[in-house]
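**Student:** Okay, here's the structure, questions in a sec.
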Amino acid sequence: MSSNTDLTLSSYDEGQGSKFIRKAKEAPFVPIGMAGFAAIVAYGLYKLKSRGNTKMSIHLIHMRVAAQGFVVGAMTLGMGYSMYQEFVAKPKK
């Protein structure tokens, strides 16, 4: 029982950078989804000046839908990747 407590307490000593790197290795599509979300939002903000006659609310809705679509796509690919690793690439015993 003490080994479980030691394991839990050691995770609190871990820094945020090393924790992010460890989590990124466990689920590689999470940082990809975060980066894509940030890139789409940055592009949307950049294009905000040249939106023409489009209303602000419509532009923001399109930007939100694109960013959410990218994140959902990254999550779907991540689930497919983890299922492949678990069921197909896993050696038979």
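To be explicit about the labels: the chains of the structure tokens are called A, B, and onward in the order shown, and within each one the residues are counted from 1, while ligands get numbers from 1 in the order they are shown.
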Counting only C-alpha atoms, what is within 10 Å of region 80-89 of chain A, bar same-chain residues fewer than 6 positions away, as JSON, numbers by chain?

**Tutor:** {"A": [26, 27, 28, 29, 74]}

**Student:** Set the distance at 9 Å and use only C-alpha atoms: which residues neighbour region 42-46 of chain A once local chain neighbours fewer than 3 positions away are removed? I'd like the list as a list in words.

**Tutor:**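 Once the nearby chain positions are removed, what remains is Phe37, Ala38, Ala39, Lys49, Ser50, His59, Leu60, His62 and Met63 of chain A.
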
**Student:** Looking only at the backbone, which of the residues in chain A does DSSP tag as alpha helix (DSSP H), as a PyMOL selection string?

**Tutor:** chain A and resi 2-12+16-26+29-46+56-83

**Student:** Report, in Å to a single decimal, how far apart CA of Pro31 (chain A) and CA of Ile61 (chain A) are.

**Tutor:**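 Going from CA of Ile61 (chain A) over to CA of Pro31 (chain A) covers 23.3 Å.
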
**Student:** Can you work out which one of A:Ile58, A:Leu48, A:Ala24, A:Val65 has the shortest atom-to-atom distance to Gly78 (chain A), counting only C-alpha atoms?

**Tutor:**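 Result for the nearest residue to Gly78 (chain A): A:Ala24.
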
**Student:** With distances taken over only C-alpha atoms, which residue among A:Lys23, A:Ser18, A:Asn53, A:Val30 lies nearest Met79 (chain A)?

**Tutor:** A:Val30
